[in-house]
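**Q** Take this structure first; my questions come after.
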Amino acid sequence: MTQQEYAVRADALKGRLYGMAFLYLGSQSLAVDAVDEAVYLGLRSCHKLREEAFFNTWLTRILINACNAELRRHRREIAMAELPETAQEAFDALPLRDAVGRLPRELKDVIILRYFTGLTLAETARTLDIPQGTVVTRQRKALRLLRLELTDGEEAANS
Amino acid sequence: MNRNEEYWALVAQLSNTPPELEGTVERAKSRARKRTLKRWLGIPVASLGGVAAAFVLLVNCCVPFALACGRIPGLRDLAAAVALSPSLKAAVENDFVQVVDQEQTENDITFRLDYLILDAMQINFFYSVSGGDYDRYHVYPSITGPDGEKLEGYSIVSSETTPGDLGDFNVNYADDLQVPEALRLTCAVTAQRESGDGTAVAPADSSIWDEPEPDREPEVVATFTFDLELDDRFTVPGETIALDKWVEVDGQRLLLRELVVNPTHARLAVSSAPDNTAWLDGLDFYLEDEKGNRYEAGSRSSGSSRLVSSGEDGTNDVIHYYLESSFFRSPKHLTLYITGARWLDKDKEWVTVDLNTGEAGWLPDGLKFLSADRQGEDVWCTMLAPGIQQFISWNYRDPEGGEHSFDSMGTTVHATEPGQENLEEGLHRLSFTLRDYPWDTVELKLNFTRETEFSPPIAVELQ
């Protein structure tokens, strides 16, 4: 993919990337920083992307890594420790945004990608490098913890 | 509001992106451009090959290159690799190239040694590395005699390149020594994939709360050895022009001793008068011939530094500066134009700092001592410096005359946003630590105290 093609597609995707980064990092400025970093890193390596059909999952994965790096850097400022799957009452007491932020990591990844970034089941599986069945299992657990009743195809970013 | 209503409200909230997001792609492009420029300016010389590709068409349009095309195989790549070096470009135009054309493969990595451009005091090796599915290779060369015997009096630099691109590194010999008739070249190659670009999938058992892994030295993936005979057509001594001219620069006297013009580079030897009040730390200059051709100092063929060598005390002995060569033009007249100089005043070489009060003696304009913070046995110091020039030397003294050296020194460059670092302007924070330091004062050694630019330049007829 050329840098010009990349620029067009990254520009179109940046809004979704921002929403995802915001949920991971809980801060507008950190989210913008993470999207900036991901778009820059993508620009540097877009020449290696041979399957353009995988652009969204590829750049999304770069953003996840950028968010993780940002979380490491700001670990002391971002006190969003995960809650265990058994802490249903604690999840119930939190606003949805905070509840998503405190999901166990593997559940949070799936819920953010599926319901806030608009990736399909297959795209989510490819992005996280896990089987589709695992995505379904984690999605079900996360929705239960968040007490969300969304059907397949109802995910917002696809609507 | 139930959870589903909360979900739709959150989705709506997330769709309202902040205005800062608008410039994301442009900021990425700007960072990428700066990174390319930094890599290009920041040596290794081999990386210039990639940048120079844009010059291929230009150089191939000139008649000497077109003629040389028929004589030197693969000239297009070589032309690109030397396009930014007037001396090496002239060498190629004049058929001054030894074709090696040897290739070895180890562990799926292929090292190809294509050409040498050499004279009596310098050898430039042109090579490429490919295979192994890596993004970058770093080549650590060393040379011995043909039977492995140790050679002396030379310097050699490592080189970085990307797969398949023609890279280069060079060997420089000191002034009283010359390149050998034959040598054994050994190249240890390390390889890297683009780490840190975020595209790698994290291991399944990793967590965002894990400590990041410290940077690891890349392992040597292959080692190659070439036995080479150097073509003696290229190793005849260059022309030495005796100068012995005194010139006054900024109130100090400098002796221009000689200019040695080799085919691939030139060397200007300069020394200072013993009664000067300042040491010469740096000299900016160029040569110009009667036709207006300029030969710039800091030839690419010298690696990154203009200063080749100095005397034992680094002062009154001879300092050799590399510059581009006029060898193939054979000019009748050469004029030296000195455009700037950097000095270290002899009475201001050391500055004493009171670590309790933070008060420092005389410091150059813009340099300021900020703080000294005792942490256990160590003292952490910070200074404010204009630009990123290396004001402070690595050496310091305690009040009892003990000499020490820093094991590290850091510079924090301020930027209004990522990728917008201005390395030349603005104030930067310089930090260093005095290890295991119980004393209350320290003497820091300055590298230079002042700089002067000459407009118009100081002109000296050399030939």
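All residue names refer to the structure tokens as shown: chains lettered A, B, ... in order, residues numbered from 1 in each chain, ligands numbered from 1 in order.
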Please provide as a ChimeraX atom specification all residues within 12 Å of B:Asp114, with the sequence filter that same-chain residues fewer than 2 positions apart are discarded (counting only C-alpha atoms).
**A** /B:72-75,77-78,81,97-104,111-112,116-117,124-129,164-168,226,228
**Q** Fewer than 3 positions away in the same chain doesn't count, so skip those; otherwise give me all residues within 6 Å of stretch 169-179 of chain B, counting only C-alpha atoms, as a ChimeraX atom specification.
**A** /B:120-125,153-156,159
**Q** Given the selection you just returned, output its residues as a file containing N, CA, C and O atoms, formatted as a short mmCIF file (atom, residue, chain, number, x, y, z; two decimals), in the first residue's frame.
**A**
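Contents of the output file result.cif:
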data_model
loop_
_atom_site.label_atom_id
_atom_site.label_comp_id
_atom_site.auth_asym_id
_atom_site.auth_seq_id
_atom_site.Cartn_x
_atom_site.Cartn_y
_atom_site.Cartn_z
N ALA B 120 45.65 5.73 -1.41
CA ALA B 120 46.73 5.25 -0.55
C ALA B 120 46.38 5.30 0.93
O ALA B 120 47.03 4.64 1.75
N MET B 121 45.36 6.10 1.30
CA MET B 121 45.09 6.29 2.72
C MET B 121 43.67 5.93 3.12
O MET B 121 43.29 6.10 4.28
N GLN B 122 42.89 5.47 2.20
CA GLN B 122 41.49 5.21 2.52
C GLN B 122 40.92 4.13 1.60
O GLN B 122 41.26 4.09 0.41
N ILE B 123 40.09 3.26 2.17
CA ILE B 123 39.39 2.27 1.34
C ILE B 123 37.89 2.39 1.63
O ILE B 123 37.47 2.34 2.79
N ASN B 124 37.11 2.56 0.58
CA ASN B 124 35.65 2.55 0.71
C ASN B 124 35.12 1.23 0.17
O ASN B 124 35.37 0.88 -0.99
N PHE B 125 34.42 0.49 1.02
CA PHE B 125 33.86 -0.81 0.63
C PHE B 125 32.37 -0.61 0.29
O PHE B 125 31.64 -0.03 1.09
N GLY B 153 47.14 1.40 12.86
CA GLY B 153 47.13 2.73 12.28
C GLY B 153 45.91 3.04 11.44
O GLY B 153 45.92 3.98 10.65
N TYR B 154 44.85 2.29 11.61
CA TYR B 154 43.65 2.57 10.81
C TYR B 154 42.43 2.70 11.71
O TYR B 154 42.43 2.25 12.85
N SER B 155 41.42 3.34 11.18
CA SER B 155 40.13 3.38 11.87
C SER B 155 39.08 2.84 10.90
O SER B 155 39.22 2.96 9.69
N ILE B 156 38.07 2.24 11.47
CA ILE B 156 37.03 1.65 10.64
C ILE B 156 35.70 1.87 11.33
O ILE B 156 35.63 1.86 12.56
N SER B 159 28.44 0.06 9.74
CA SER B 159 27.55 0.62 8.73
C SER B 159 26.20 -0.07 8.80
O SER B 159 26.11 -1.26 9.10
#
**Q** Using only C-alpha atoms, I'd like every residue of chain A that has an atom within 6 Å of chain B; please write them out as a list in words.
**A**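 Selected residues: Gly19, Asp36, Tyr40, Leu41, Ile62, Asn65, Asn68 and Leu148 of chain A.
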**Q** Save the residues we just selected, C-alpha atoms, as a compact mmCIF listing (two decimals), in the first residue's frame?
**A**
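Dumped everything to result_10.txt:
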# COMPACT_ATOMS: atom_id res chain seq x y z
CA GLY A 19 -13.28 5.90 20.39
CA ASP A 36 -1.37 9.84 16.54
CA TYR A 40 2.42 7.37 12.47
CA LEU A 41 3.60 3.79 13.03
CA ILE A 62 -1.25 -1.24 15.93
CA ASN A 65 -0.25 -1.92 20.97
CA ASN A 68 -0.78 -0.73 25.79
CA LEU A 148 -25.80 -5.46 28.06
**Q** From the DSSP assignment of the backbone, select every residue of chain A that is alpha helix (DSSP H), and format the answer as a PyMOL selection string.
**A** chain A and resi 3-25+28-45+55-73+88-93+96-101+105-115+121-128+132-146
**Q** Please indicate the distance in Å from atom CA of B:Ile392 to atom CA of B:Ile319, rounded to one decimal place.
**A**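 Between these atoms lies a distance of 21.1 Å.
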**Q** Could you name the residues that touch A:Leu13 at 9 Å or less, counting only C-alpha atoms, but leaving out those on the same chain fewer than 5 positions away, as a PDB file with C-alpha atoms, in the first residue's frame?
**A**
ATOM      1  CA  VAL A   8      -6.810   8.324   2.870  1.00  0.00           C
ATOM      2  CA  TYR A  18     -10.203   7.433  18.751  1.00  0.00           C
ATOM      3  CA  ASN A  56      -8.743  -2.107   9.428  1.00  0.00           C
ATOM      4  CA  LEU A  59      -4.248  -0.600  12.008  1.00  0.00           C
TER       5      LEU A  59
END
**Q** B:Thr240: which residues within 12 Å, counting only C-alpha atoms, same-chain residues fewer than 3 positions away excluded, as an MDAnalysis selection string?
**A** chainID B and resid 175 237 243 257:263 266:269 327 462:463
**Q** Given the selection you just returned, output its residues as a file containing C-alpha atoms, formatted as a JSON list (two decimals), in the first residue's frame.
**A**
[["chain", "number", "residue", "atom", "x", "y", "z"],
["B", 175, "ASP", "CA", 49.07, 10.06, 7.99],
["B", 237, "PRO", "CA", 50.39, 8.43, -2.95],
["B", 243, "LEU", "CA", 51.57, 25.41, 2.87],
["B", 257, "ARG", "CA", 50.78, 23.17, 7.41],
["B", 258, "GLU", "CA", 49.90, 21.13, 4.33],
["B", 259, "LEU", "CA", 47.11, 19.96, 2.10],
["B", 260, "VAL", "CA", 47.21, 16.34, 0.99],
["B", 261, "VAL", "CA", 45.03, 15.71, -2.06],
["B", 262, "ASN", "CA", 44.18, 12.03, -2.53],
["B", 263, "PRO", "CA", 41.83, 10.73, -5.22],
["B", 266, "ALA", "CA", 41.78, 15.50, 0.92],
["B", 267, "ARG", "CA", 43.29, 16.32, 4.31],
["B", 268, "LEU", "CA", 44.17, 19.78, 5.62],
["B", 269, "ALA", "CA", 46.70, 19.85, 8.46],
["B", 327, "PHE", "CA", 42.27, 15.42, -7.41],
["B", 462, "LEU", "CA", 46.94, 28.13, -0.85],
["B", 463, "GLN", "CA", 48.17, 27.42, -4.36]]
**Q** Calculate how many Å separate atom CA of B:Arg233 from atom CA of B:Glu93, rounding to one decimal.
**A**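 Interatomic distance here is 15.9 Å.
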